[in-house]
Structures are given as C-alpha cells and as structure tokens.
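Source file: coords08.cif. Holds: mmCIF, C-alpha atoms.
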data_work
#
loop_
_atom_site.label_atom_id
_atom_site.label_comp_id
_atom_site.auth_asym_id
_atom_site.auth_seq_id
_atom_site.Cartn_x
_atom_site.Cartn_y
_atom_site.Cartn_z
CA MET A 1 -105.55 -153.19 112.10
CA ALA A 2 -103.28 -155.49 110.09
CA ARG A 3 -101.14 -153.82 107.45
CA ARG A 4 -102.47 -154.13 103.92
CA PRO A 5 -100.24 -154.47 100.88
CA ALA A 6 -100.06 -151.24 98.84
CA PRO A 7 -101.52 -151.47 95.34
CA GLY A 8 -98.82 -151.98 92.73
CA ALA A 9 -96.29 -153.06 95.33
CA HIS A 10 -96.52 -156.75 94.38
CA GLU A 11 -95.53 -156.05 90.78
CA ALA A 12 -92.82 -153.63 91.86
CA LEU A 13 -91.40 -156.25 94.21
CA LEU A 14 -91.46 -158.92 91.52
CA GLU A 15 -89.62 -156.63 89.13
CA ALA A 16 -87.10 -155.76 91.84
CA ALA A 17 -86.66 -159.45 92.74
CA ARG A 18 -86.03 -160.22 89.07
CA GLU A 19 -83.32 -157.53 88.92
CA GLU A 20 -81.61 -158.54 92.16
CA ILE A 21 -81.76 -162.28 91.55
CA CYS A 22 -80.57 -161.98 87.96
CA ARG A 23 -77.69 -159.80 89.10
CA HIS A 24 -76.53 -161.70 92.19
CA GLY A 25 -78.08 -165.15 91.86
CA LEU A 26 -80.85 -166.53 94.06
CA ALA A 27 -78.56 -167.52 96.92
CA ARG A 28 -76.94 -164.09 97.28
CA ALA A 29 -79.85 -161.77 96.49
CA ARG A 30 -81.09 -160.05 99.68
CA VAL A 31 -84.66 -159.27 100.66
CA GLU A 32 -83.67 -155.83 101.92
CA ASP A 33 -82.12 -154.93 98.55
CA ILE A 34 -85.23 -156.17 96.74
CA ALA A 35 -87.47 -154.10 99.02
CA ARG A 36 -85.26 -151.01 98.69
CA ARG A 37 -85.24 -151.31 94.89
CA ALA A 38 -89.05 -151.53 94.94
CA GLY A 39 -89.17 -148.47 97.19
CA ILE A 40 -90.82 -150.18 100.15
CA SER A 41 -89.74 -151.42 103.57
CA LYS A 42 -88.31 -154.87 104.21
CA GLY A 43 -91.29 -155.57 106.46
CA ALA A 44 -93.70 -154.77 103.63
CA PHE A 45 -91.94 -157.36 101.44
CA TYR A 46 -93.28 -160.06 103.76
CA LEU A 47 -96.85 -158.88 103.23
CA HIS A 48 -96.42 -160.17 99.67
CA PHE A 49 -94.05 -163.13 99.85
CA ARG A 50 -93.18 -165.57 102.58
CA THR A 51 -89.58 -165.75 101.42
CA LYS A 52 -87.20 -164.59 98.69
CA ASP A 53 -87.61 -168.04 97.13
CA ALA A 54 -91.39 -167.51 96.95
CA ALA A 55 -90.88 -164.33 94.93
CA PHE A 56 -88.51 -166.15 92.58
CA ALA A 57 -91.00 -169.03 92.28
CA GLU A 58 -93.60 -166.54 91.05
CA LEU A 59 -91.20 -165.16 88.45
CA VAL A 60 -90.42 -168.69 87.33
CA GLN A 61 -94.10 -169.62 87.01
CA ARG A 62 -94.63 -166.56 84.82
CA LEU A 63 -91.67 -167.60 82.68
CA TYR A 64 -93.15 -171.09 82.23
CA GLY A 65 -96.50 -169.57 81.39
CA ALA A 66 -94.93 -167.38 78.72
CA LEU A 67 -92.89 -170.27 77.29
CA GLU A 68 -95.90 -172.59 77.15
CA GLU A 69 -98.05 -169.90 75.56
CA GLN A 70 -95.42 -169.14 72.93
CA THR A 71 -94.99 -172.85 72.18
CA ARG A 72 -98.75 -173.23 71.78
CA ARG A 73 -99.03 -170.20 69.49
CA ARG A 74 -96.15 -171.44 67.41
CA GLU A 75 -97.59 -174.94 67.00
CA GLU A 76 -100.91 -173.44 65.99
CA ALA A 77 -99.26 -171.15 63.43
CA GLU A 78 -97.31 -174.11 62.04
CA ARG A 79 -100.42 -176.26 61.70
CA ARG A 80 -102.09 -173.39 59.88
CA PHE A 81 -99.11 -173.02 57.56
CA ASP A 82 -99.17 -176.76 56.83
CA ARG A 83 -102.89 -176.61 55.99
CA GLU A 84 -102.50 -173.61 53.73
CA HIS A 85 -99.51 -175.03 51.86
CA GLY A 86 -100.56 -178.67 51.85
CA ASP A 87 -100.56 -178.95 48.05
CA GLU A 88 -97.26 -177.24 47.38
CA ASP A 89 -93.92 -178.87 46.95
CA GLY A 90 -90.30 -178.24 46.08
CA PRO A 91 -88.26 -175.02 46.21
CA ALA A 92 -91.29 -172.71 46.39
CA LEU A 93 -92.55 -174.44 49.52
CA LEU A 94 -89.07 -174.33 51.03
CA ARG A 95 -88.89 -170.56 50.50
CA ALA A 96 -92.38 -170.00 51.90
CA GLN A 97 -91.63 -172.17 54.92
CA LEU A 98 -88.41 -170.29 55.59
CA GLU A 99 -90.09 -166.86 55.45
CA PHE A 100 -92.88 -168.07 57.69
CA GLU A 101 -90.51 -169.60 60.24
CA VAL A 102 -88.33 -166.49 60.41
CA GLN A 103 -91.44 -164.56 61.47
CA VAL A 104 -92.59 -166.97 64.16
CA ASP A 105 -89.03 -167.58 65.32
CA LEU A 106 -88.59 -163.87 65.91
CA GLU A 107 -91.38 -164.00 68.51
CA SER A 108 -89.69 -166.93 70.27
CA LEU A 109 -86.33 -165.16 70.23
CA GLU A 110 -87.83 -161.94 71.60
CA LEU A 111 -89.31 -163.95 74.47
CA LEU A 112 -86.01 -165.72 75.16
CA TRP A 113 -84.09 -162.44 74.94
CA ARG A 114 -86.46 -160.72 77.42
CA ASN A 115 -86.17 -163.64 79.83
CA ARG A 116 -82.53 -164.57 79.29
CA HIS A 117 -81.44 -163.46 82.75
CA VAL A 118 -84.26 -165.26 84.54
CA ILE A 119 -83.49 -168.46 82.61
CA ARG A 120 -79.80 -168.18 83.53
CA ALA A 121 -80.61 -167.46 87.18
CA LEU A 122 -82.96 -170.44 87.19
CA GLU A 123 -80.30 -172.74 85.75
CA ALA A 124 -77.85 -171.57 88.40
CA ALA A 125 -80.31 -171.90 91.29
CA GLY A 126 -79.71 -175.62 91.82
CA PRO A 127 -81.42 -178.97 91.24
CA ALA A 128 -84.65 -178.19 93.10
CA TRP A 129 -85.24 -175.26 90.73
CA THR A 130 -84.08 -176.76 87.46
CA ARG A 131 -86.52 -179.67 87.51
CA GLY A 132 -89.30 -177.60 85.96
CA LEU A 133 -87.00 -176.32 83.24
CA ALA A 134 -85.80 -179.85 82.55
CA ASP A 135 -89.44 -180.97 82.25
CA PHE A 136 -90.24 -178.18 79.81
CA ARG A 137 -87.16 -179.00 77.75
CA ARG A 138 -88.06 -182.71 77.70
CA ARG A 139 -91.62 -182.03 76.57
CA LEU A 140 -90.39 -179.64 73.90
CA GLN A 141 -87.76 -182.12 72.72
CA ARG A 142 -90.37 -184.88 72.37
CA ALA A 143 -92.94 -182.65 70.69
CA LEU A 144 -90.35 -181.50 68.15
CA ARG A 145 -89.15 -185.05 67.57
CA ASP A 146 -92.73 -186.22 66.91
CA ARG A 147 -93.42 -183.25 64.67
CA ILE A 148 -90.29 -183.94 62.59
CA ALA A 149 -91.16 -187.65 62.37
CA ALA A 150 -94.68 -186.80 61.17
CA LYS A 151 -93.30 -184.47 58.50
CA GLN A 152 -90.90 -187.18 57.39
CA ALA A 153 -93.71 -189.70 57.19
CA ALA A 154 -95.71 -187.23 55.07
CA GLY A 155 -92.72 -186.88 52.72
CA ARG A 156 -92.20 -183.21 53.54
CA LEU A 157 -88.77 -183.67 55.11
CA ARG A 158 -85.99 -186.07 54.21
CA ARG A 159 -86.28 -189.43 55.92
CA ASP A 160 -82.61 -190.31 56.37
CA ILE A 161 -82.32 -188.16 59.49
CA ASP A 162 -82.84 -189.26 63.09
CA PRO A 163 -85.70 -187.07 64.44
CA SER A 164 -84.16 -187.15 67.94
CA ALA A 165 -80.96 -185.60 66.61
CA VAL A 166 -83.05 -182.90 64.95
CA ALA A 167 -84.84 -182.18 68.22
CA ASP A 168 -81.49 -182.03 70.08
CA LEU A 169 -80.33 -179.54 67.48
CA LEU A 170 -83.42 -177.35 67.76
CA VAL A 171 -83.64 -177.28 71.55
CA GLY A 172 -79.87 -176.96 71.94
CA THR A 173 -79.57 -174.10 69.48
CA TYR A 174 -82.10 -171.98 71.38
CA GLU A 175 -80.32 -172.76 74.63
CA GLY A 176 -77.03 -171.76 73.03
CA PHE A 177 -78.69 -168.51 72.03
CA VAL A 178 -79.91 -167.82 75.59
CA ARG A 179 -76.49 -168.63 77.03
CA ARG A 180 -74.53 -166.38 74.71
CA THR A 181 -76.96 -163.48 74.69
CA ALA A 182 -77.28 -163.47 78.51
CA GLU A 183 -73.80 -161.94 78.45
CA LEU A 184 -74.57 -159.27 75.86
CA ARG A 185 -75.57 -155.71 76.70
CA GLN A 186 -76.83 -154.76 73.27
CA LYS A 187 -79.67 -156.67 71.69
CA PRO A 188 -78.30 -158.59 68.72
CA ASP A 189 -79.94 -158.77 65.29
CA LEU A 190 -82.58 -161.37 66.16
CA ALA A 191 -84.07 -161.53 62.67
CA GLY A 192 -80.61 -162.10 61.18
CA TRP A 193 -79.93 -164.85 63.70
CA ALA A 194 -83.29 -166.51 62.94
CA ARG A 195 -82.71 -166.37 59.21
CA SER A 196 -79.18 -167.80 59.50
CA PHE A 197 -80.22 -170.63 61.75
CA LEU A 198 -83.39 -171.50 59.82
CA THR A 199 -81.65 -171.38 56.46
CA ILE A 200 -79.17 -174.00 57.60
CA PHE A 201 -81.94 -176.00 59.14
CA TYR A 202 -84.46 -175.99 56.31
CA GLU A 203 -81.98 -176.31 53.49
CA GLY A 204 -80.33 -179.17 55.34
CA MET A 205 -83.60 -180.86 56.22
CA ALA A 206 -85.47 -180.36 52.98
CA GLY A 207 -83.50 -182.97 51.14
CA PRO A 208 -82.42 -182.62 47.54
CA ALA A 209 -85.99 -182.87 46.16
CA ALA A 210 -87.15 -179.60 47.67
CA ARG A 211 -84.09 -177.69 46.53
CA ALA A 212 -83.75 -178.79 42.94
CA ALA A 213 -84.46 -181.72 40.67
CA PRO A 214 -83.04 -184.80 42.42
CA PRO A 215 -80.22 -186.69 40.73
CA PRO A 216 -81.33 -190.09 39.45
CA ARG A 217 -80.50 -192.72 42.06
CA THR A 218 -82.30 -195.91 41.20
CA ARG A 219 -83.06 -197.35 37.82
CA ARG A 220 -86.70 -197.03 36.88
CA ALA A 221 -88.87 -200.06 36.62
CA THR A 222 -89.37 -200.79 32.93
CA THR A 223 -92.95 -201.98 33.08
CA MET B 224 -45.43 -192.63 111.87
CA ALA B 225 -47.99 -190.76 109.79
CA ARG B 226 -50.41 -192.87 107.75
CA ARG B 227 -49.50 -193.18 104.09
CA PRO B 228 -52.10 -193.36 101.33
CA ALA B 229 -52.48 -196.87 99.92
CA PRO B 230 -51.43 -197.26 96.27
CA GLY B 231 -54.44 -197.18 93.94
CA ALA B 232 -56.67 -195.65 96.58
CA HIS B 233 -56.60 -192.21 95.02
CA GLU B 234 -57.98 -193.48 91.71
CA ALA B 235 -60.53 -195.67 93.49
CA LEU B 236 -61.72 -192.68 95.51
CA LEU B 237 -62.00 -190.50 92.42
CA GLU B 238 -64.07 -193.16 90.69
CA ALA B 239 -66.25 -193.55 93.80
CA ALA B 240 -66.63 -189.76 94.09
CA ARG B 241 -67.71 -189.62 90.47
CA GLU B 242 -70.37 -192.28 91.07
CA GLU B 243 -71.71 -190.73 94.27
CA ILE B 244 -71.69 -187.15 93.03
CA CYS B 245 -73.26 -188.04 89.71
CA ARG B 246 -75.96 -189.98 91.51
CA HIS B 247 -76.79 -187.59 94.37
CA GLY B 248 -75.33 -184.25 93.29
CA LEU B 249 -72.35 -182.55 94.88
CA ALA B 250 -74.31 -181.08 97.80
CA ARG B 251 -75.84 -184.39 98.90
CA ALA B 252 -73.01 -186.82 98.18
CA ARG B 253 -71.37 -187.97 101.45
CA VAL B 254 -67.69 -188.58 102.13
CA GLU B 255 -68.48 -191.76 104.06
CA ASP B 256 -70.39 -193.21 101.08
CA ILE B 257 -67.54 -192.31 98.73
CA ALA B 258 -65.01 -193.97 101.05
CA ARG B 259 -67.20 -197.06 101.51
CA ARG B 260 -67.67 -197.41 97.75
CA ALA B 261 -63.88 -197.20 97.29
CA GLY B 262 -63.44 -199.85 100.01
CA ILE B 263 -61.49 -197.68 102.44
CA SER B 264 -62.19 -195.85 105.70
CA LYS B 265 -63.59 -192.34 105.92
CA GLY B 266 -60.37 -191.27 107.65
CA ALA B 267 -58.29 -192.56 104.73
CA PHE B 268 -60.34 -190.37 102.36
CA TYR B 269 -58.78 -187.33 104.02
CA LEU B 270 -55.27 -188.60 103.28
CA HIS B 271 -56.14 -187.93 99.63
CA PHE B 272 -58.51 -184.97 99.58
CA ARG B 273 -59.09 -182.10 101.97
CA THR B 274 -62.81 -182.10 101.21
CA LYS B 275 -65.47 -183.68 99.02
CA ASP B 276 -65.30 -180.57 96.87
CA ALA B 277 -61.56 -181.12 96.33
CA ALA B 278 -62.25 -184.60 94.94
CA PHE B 279 -64.90 -183.20 92.61
CA ALA B 280 -62.49 -180.42 91.55
CA GLU B 281 -60.02 -183.09 90.46
CA LEU B 282 -62.69 -184.89 88.40
CA VAL B 283 -63.65 -181.59 86.83
CA GLN B 284 -60.04 -180.75 85.93
CA ARG B 285 -59.73 -184.13 84.22
CA LEU B 286 -62.93 -183.46 82.30
CA TYR B 287 -61.56 -180.10 81.11
CA GLY B 288 -58.29 -181.77 80.15
CA ALA B 289 -60.15 -184.35 78.07
CA LEU B 290 -62.38 -181.72 76.43
CA GLU B 291 -59.41 -179.48 75.57
CA GLU B 292 -57.45 -182.42 74.20
CA GLN B 293 -60.35 -183.58 72.06
CA THR B 294 -60.91 -180.03 70.76
CA ARG B 295 -57.22 -179.77 69.87
CA ARG B 296 -57.19 -183.15 68.09
CA ARG B 297 -60.31 -182.23 66.19
CA GLU B 298 -58.96 -178.86 65.05
CA GLU B 299 -55.77 -180.54 63.91
CA ALA B 300 -57.69 -183.19 61.96
CA GLU B 301 -59.81 -180.49 60.36
CA ARG B 302 -56.80 -178.45 59.30
CA ARG B 303 -55.31 -181.62 57.78
CA PHE B 304 -58.55 -182.30 55.92
CA ASP B 305 -58.60 -178.74 54.58
CA ARG B 306 -55.01 -179.07 53.35
CA GLU B 307 -55.65 -182.40 51.67
CA HIS B 308 -58.83 -181.26 49.97
CA GLY B 309 -57.83 -177.67 49.23
CA ASP B 310 -58.30 -178.02 45.46
CA GLU B 311 -61.63 -179.80 45.49
CA ASP B 312 -65.01 -178.22 45.17
CA GLY B 313 -68.71 -178.95 44.85
CA PRO B 314 -70.68 -182.06 45.75
CA ALA B 315 -67.63 -184.36 45.96
CA LEU B 316 -66.03 -182.14 48.60
CA LEU B 317 -69.31 -181.98 50.49
CA ARG B 318 -69.51 -185.78 50.60
CA ALA B 319 -65.87 -186.14 51.65
CA GLN B 320 -66.28 -183.50 54.36
CA LEU B 321 -69.38 -185.21 55.70
CA GLU B 322 -67.70 -188.63 55.92
CA PHE B 323 -64.67 -187.10 57.59
CA GLU B 324 -66.74 -185.16 60.12
CA VAL B 325 -68.86 -188.17 61.05
CA GLN B 326 -65.63 -189.93 62.03
CA VAL B 327 -64.19 -187.12 64.15
CA ASP B 328 -67.58 -186.30 65.61
CA LEU B 329 -67.92 -189.85 66.83
CA GLU B 330 -64.85 -189.33 69.04
CA SER B 331 -66.35 -186.15 70.48
CA LEU B 332 -69.67 -187.87 71.13
CA GLU B 333 -67.98 -190.83 72.83
CA LEU B 334 -66.20 -188.39 75.14
CA LEU B 335 -69.42 -186.51 75.91
CA TRP B 336 -71.31 -189.77 76.45
CA ARG B 337 -68.65 -191.07 78.89
CA ASN B 338 -68.69 -187.79 80.81
CA ARG B 339 -72.37 -186.93 80.53
CA HIS B 340 -73.05 -187.44 84.24
CA VAL B 341 -70.07 -185.39 85.38
CA ILE B 342 -71.10 -182.56 83.05
CA ARG B 343 -74.64 -182.65 84.41
CA ALA B 344 -73.40 -182.76 88.02
CA LEU B 345 -71.10 -179.84 87.26
CA GLU B 346 -73.93 -177.78 85.78
CA ALA B 347 -76.05 -178.48 88.86
CA ALA B 348 -73.26 -177.68 91.35
CA GLY B 349 -73.85 -173.93 91.33
CA PRO B 350 -72.27 -170.73 90.01
CA ALA B 351 -68.82 -171.22 91.57
CA TRP B 352 -68.50 -174.50 89.66
CA THR B 353 -70.04 -173.57 86.36
CA ARG B 354 -67.65 -170.70 85.65
CA GLY B 355 -65.02 -173.02 84.16
CA LEU B 356 -67.61 -174.73 81.98
CA ALA B 357 -68.92 -171.34 80.85
CA ASP B 358 -65.34 -170.33 79.94
CA PHE B 359 -64.79 -173.50 77.94
CA ARG B 360 -68.10 -172.99 76.13
CA ARG B 361 -67.26 -169.35 75.37
CA ARG B 362 -63.83 -170.24 73.97
CA LEU B 363 -65.34 -173.02 71.87
CA GLN B 364 -68.13 -170.75 70.64
CA ARG B 365 -65.61 -168.10 69.52
CA ALA B 366 -63.22 -170.61 67.95
CA LEU B 367 -66.08 -172.13 65.94
CA ARG B 368 -67.39 -168.71 64.94
CA ASP B 369 -63.92 -167.70 63.68
CA ARG B 370 -63.45 -171.00 61.88
CA ILE B 371 -66.81 -170.62 60.11
CA ALA B 372 -66.01 -167.00 59.18
CA ALA B 373 -62.65 -168.08 57.72
CA LYS B 374 -64.32 -170.81 55.66
CA GLN B 375 -66.87 -168.30 54.42
CA ALA B 376 -64.10 -165.86 53.47
CA ALA B 377 -62.36 -168.66 51.57
CA GLY B 378 -65.59 -169.36 49.68
CA ARG B 379 -65.99 -172.85 51.15
CA LEU B 380 -69.21 -172.11 53.02
CA ARG B 381 -72.10 -169.85 52.06
CA ARG B 382 -71.65 -166.26 53.17
CA ASP B 383 -75.24 -165.27 53.88
CA ILE B 384 -75.15 -166.89 57.32
CA ASP B 385 -74.20 -165.21 60.59
CA PRO B 386 -71.20 -167.19 61.96
CA SER B 387 -72.32 -166.53 65.55
CA ALA B 388 -75.64 -168.23 64.86
CA VAL B 389 -73.73 -171.20 63.44
CA ALA B 390 -71.57 -171.38 66.55
CA ASP B 391 -74.67 -171.20 68.79
CA LEU B 392 -76.11 -174.06 66.78
CA LEU B 393 -72.98 -176.22 67.06
CA VAL B 394 -72.31 -175.68 70.76
CA GLY B 395 -76.00 -175.88 71.63
CA THR B 396 -76.57 -179.09 69.73
CA TYR B 397 -73.81 -180.92 71.63
CA GLU B 398 -75.21 -179.60 74.89
CA GLY B 399 -78.64 -180.81 73.87
CA PHE B 400 -77.08 -184.20 73.22
CA VAL B 401 -75.45 -184.30 76.68
CA ARG B 402 -78.69 -183.25 78.36
CA ARG B 403 -80.86 -185.81 76.68
CA THR B 404 -78.42 -188.71 76.86
CA ALA B 405 -77.67 -188.09 80.55
CA GLU B 406 -81.11 -189.59 81.16
CA LEU B 407 -80.63 -192.67 78.98
CA ARG B 408 -79.48 -196.03 80.24
CA GLN B 409 -78.63 -197.53 76.89
CA LYS B 410 -76.01 -195.92 74.71
CA PRO B 411 -77.74 -194.52 71.65
CA ASP B 412 -76.51 -194.91 68.06
CA LEU B 413 -73.83 -192.23 68.19
CA ALA B 414 -72.76 -192.65 64.57
CA GLY B 415 -76.36 -192.30 63.42
CA TRP B 416 -76.78 -189.18 65.52
CA ALA B 417 -73.55 -187.69 64.13
CA ARG B 418 -74.58 -188.43 60.55
CA SER B 419 -78.04 -186.94 61.02
CA PHE B 420 -76.79 -183.79 62.64
CA LEU B 421 -73.89 -183.27 60.24
CA THR B 422 -76.00 -183.93 57.16
CA ILE B 423 -78.35 -181.13 58.14
CA PHE B 424 -75.43 -178.95 59.00
CA TYR B 425 -73.27 -179.44 55.93
CA GLU B 426 -76.05 -179.56 53.41
CA GLY B 427 -77.52 -176.43 54.94
CA MET B 428 -74.18 -174.65 55.15
CA ALA B 429 -72.71 -175.68 51.84
CA GLY B 430 -74.94 -173.38 49.85
CA PRO B 431 -76.42 -174.31 46.51
CA ALA B 432 -73.05 -174.32 44.68
CA ALA B 433 -71.68 -177.30 46.56
CA ARG B 434 -74.84 -179.32 46.08
CA ALA B 435 -75.68 -178.79 42.45
CA ALA B 436 -75.45 -176.22 39.70
CA PRO B 437 -76.84 -172.97 41.10
CA PRO B 438 -79.94 -171.49 39.50
CA PRO B 439 -79.19 -168.34 37.51
CA ARG B 440 -79.84 -165.32 39.69
CA THR B 441 -78.33 -162.26 38.07
CA ARG B 442 -78.09 -161.38 34.43
CA ARG B 443 -74.61 -161.77 33.05
CA ALA B 444 -72.63 -158.79 31.94
CA THR B 445 -72.67 -158.73 28.16
CA THR B 446 -69.14 -157.52 27.58
#
Structure encoded using structure tokens:
Amino acid sequence: MARRPAPGAHEALLEAAREEICRHGLARARVEDIARRAGISKGAFYLHFRTKDAAFAELVQRLYGALEEQTRRREEAERRFDREHGDEDGPALLRAQLEFEVQVDLESLELLWRNRHVIRALEAAGPAWTRGLADFRRRLQRALRDRIAAKQAAGRLRRDIDPSAVADLLVGTYEGFVRRTAELRQKPDLAGWARSFLTIFYEGMAGPAARAAPPPRTRRATT
Amino acid sequence: MARRPAPGAHEALLEAAREEICRHGLARARVEDIARRAGISKGAFYLHFRTKDAAFAELVQRLYGALEEQTRRREEAERRFDREHGDEDGPALLRAQLEFEVQVDLESLELLWRNRHVIRALEAAGPAWTRGLADFRRRLQRALRDRIAAKQAAGRLRRDIDPSAVADLLVGTYEGFVRRTAELRQKPDLAGWARSFLTIFYEGMAGPAARAAPPPRTRRATT
C-alpha cells in the first residue's frame, strides 16, 4: 500500500518551510531541516511537495492571496467612506479621512508585518520568483495612481501633484516599512507609524482648501 | 611576452558588462557577449577581470561611490540652506525650502535614473550582492531619521510624527521611483516628479504653523 500523507502534516511542513526559507533563504534551506522541524521524515516531505521550491511556491501563492484580499477589502472600505462622506468638505473631512485611513492601514501593516520575512525571502529568491511580486506592485501602483487621479478630478485632492509620484510614494513607503521591519525582533508601534505616515500624506495632499481658508490667489470676476 | 591590456578596453568592457548584465541579469549574462560588445576577444576580457562577477563588482562599487558622493553633496547643501535660512519661519521658509529641495532632488533623481538598471540588476543578483545595497539603505534610513528628529527638536518640523516613519517614506519613495522607471523607455519629467513628491512631503511635515496661522487649540493662561 502506498504511504498516505498524515493529516496536519501539510500545514506543519508549510510552516516549517516558511521558517527555514525565511532564515536561510530559498537556495540554502534544506528539505531535511524542513522535515525535521515539522517532526516528520524527509521521505514524508515528498508525499506533500515535489521539491523545496514547490513548498515555497505554495507559501508565495498564499501571500499573494492575502495581499489581494487585503487590497480588495481596503478599496471597498474606501469606496464606502467616499459614499458616506460625499457631501463633506474641508478640515472636518480631512480629519475623518485620516482617522478612517489609520484604521484600515493598521490591517495592511499587520499583514505586511506578519509576512515580512516571506516577502524578503521572495525578493531574494531571484528573477523567476520576483516576477509575481513585480506584477502585484505594478497593479497596485496603477490602481493607486488612477484612484488619486479620480479624487483630483472630483476636487477632493489638490490637482498640482503628479498622481504617478503619489503612487510611487505610497507603494515605496510600504516597501520601506517591510524592509526595515524585517530586521526588527520587536513589533513596532504600527498605529503610530500609520498615523505619522498618513498625517504627512493627507495634510500634504489635501491642499490648502481642506486645511484652512485658502489665501486669495486670483482676482474675482467683477460681473 | 605576456599580453598587455589595450588602453580604453577596461572602460569599454565595463560599459559592455553593464549593458549585458542589465539586459539579461548577472546569472545569464555571458563573458563572450560582453567581450563581443566591447569589440575585443573573450581571452582579452580575462586580462581585465578574473570573472564576470568581478566586472559587475566594479560597476557596483562605482554605483556606491556615486550614491555616497551624492548623499554627501546633498547633506552639505542642506546644512548650508539651514544656515542661510536659520532666522526665517512660516510660509516663506516653507516655499524657500521646497524650491531648494526640488533643485537638489533633481540631481539625486538624475543619478537614480542613470543607474536604474544597475540597481535593478543588483537587487536581482541574490543575497551575496544585495548586502551592500541593504547597508547603504540602512545608513541612509538612519541618517534621514536623525536629521528629521533634529529638525523636530529645533521646532522646524512638526513633532507629532515618528521620524522612522518619515525615513521609511523617503527611502521607500526613491526606491519606488527606481522600480517604476526601470521599466520606462522615455525619461519621465523628473522635475515634476520631485515637485509633486516634495510638495506632499513638506506641506505635510511643516505642520500648521508653517502654512498659516494655527487654529487656537488650548486656552491661554490668564496671568
């Protein structure tokens, strides 16, 4: 009779693969260490995965799934916020937007913090592996650029700003966060980070009108 | 008599190595293609470099040299700006700072644009190669964090912002720029990008005081 995989072993192996690959990198992680960490034999590993790379590929697909899901939830929450605050304007809207974004950003940061080592291992695993991450980043960059442009067109954000630069800033800042925190042992104050970043962002992007009465710039028509 | 390297060949090989490695990645670039592109024989390549990796290492050292030099020049220019504008305050200072930063930022962006393919090739070349880049990034992140903290202590930037988050934002945004522009054929409007990014940054970081009269928040002491 052929050997059957033990129940629970697949998850245990994935978790062990995550630990070993994050610690040593994909190239240097060893199947026997992954199996030992999961408490099963090296032979049993191959009942679940053809190769070490196949186990990592599964981890990476789960990461993409989580990132896509979080992006979707966030977009939905932001559309809802826009609907609910469609009539508001000025400093009150800016404050409400900031409080709302700190909340949703915290979920994104928790996800990035939990997956920081997988993301770093993925970036280090070479061109064949980073293509998917580059695709995700590109889609996110474009979606953010279009979202900013739409808000500018609707008069909710200042129009003198290149939406591509804004998208570079947003995507880059989260990547900077992942990079720095991948080296930390203690979880940093994620809410404080979110509030700092979003304060700069929204106060900078709101334009003078949303912060206070704008200074007169052009002479009024006298008709 | 041993063969002597031809004058100019070293530079031609470096330039050819840059082209081939940026196009195909370090792992897949071939010494014979590098030599052919430089117009010399494969054997002559080895008069200059022990391996393909040695040629790439030289390109990378030049990149670090250029990045360090640009960072140094920028810090110097910023210290000079701070000295010259030490007495100023409020919206006028904010405008002056923005104009100044757009100018120095343009030099940084030109450097990153020129080297965008080498930076991308370096990031893709694996853990042994990325260590130096990670070190540079870490030093830059800390220097920026300390600079922001000093400006906050001097009352020139708002204090309710975590300086580490600001440094993540700055470093990350430039990396986002490199990533996105590495895929462009046409040089984008670097000055426009700099102005967009820095407007968000300085208006967000200046705090209400530098932009306009702050709204009253606390009751005054009645003594």
- Item | Residue hits in chain B, query chain A, radius 7 Å, all atoms listed in the file, as a ChimeraX atom specification | /B:347-350,384-385,388-389,391-392,394-396,398-400,416,419-420,422-424,426-428
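You will find atom CA of His117 of chain A at 12.4 Å from atom CA of Phe56 of chain A.
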- Tell me which protein, DNA and RNA residues are within 12 Å of Thr71 of chain A, counting only C-alpha atoms, leaving out same-chain ones fewer than 3 positions away, and put them as a count of residues only. 24
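The spacing separating atom CA of Val60 of chain A from atom CA of Arg185 of chain A amounts to 22.4 Å.
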- Picked residues, the PyMOL selection byres ((chain B and resi 304-312) around 10), as an MDAnalysis selection string: chainID B and resid 298:303 313:317 319:320 323:324 374 378:379 432:434
- Task: I need the residue set behind the PyMOL selection byres ((chain B and resi 237) around 10) for this file; please write it as number ranges by chain.
- Result: B: 232-236, 238-243, 257-258, 261, 271-272, 278-279, 281-282
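Our summary of the geometry notes that atom CA of Asn338 of chain B is positioned 14.5 Å from atom CA of Gln409 of chain B.
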For segment 248-261 of chain B, take all atoms listed in the file, fit an axis-aligned box around them, add 4 Å to each of the six sides, then output centre and edge lengths in Å rounded to one decimal, as JSON.
{"center_x": -69.9, "center_y": -189.2, "center_z": 98.7, "size_x": 20.0, "size_y": 24.3, "size_z": 18.8}
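Nearest to Leu345 of chain B of all the residues B:Lys275, B:Leu286, B:Arg251, B:Glu333 is B:Leu286, counting only C-alpha atoms.
Distances to Ala405 of chain B were evaluated for B:Val341, B:Ala376, B:Ile371, B:Leu270 using all atoms listed in the file, and the minimum falls at B:Val341.
Among the candidates A:Ala6, A:Ala150, A:Val31, A:Leu133, the residue lying nearest to Gln61 of chain A is A:Leu133 (atoms considered: all atoms listed in the file).
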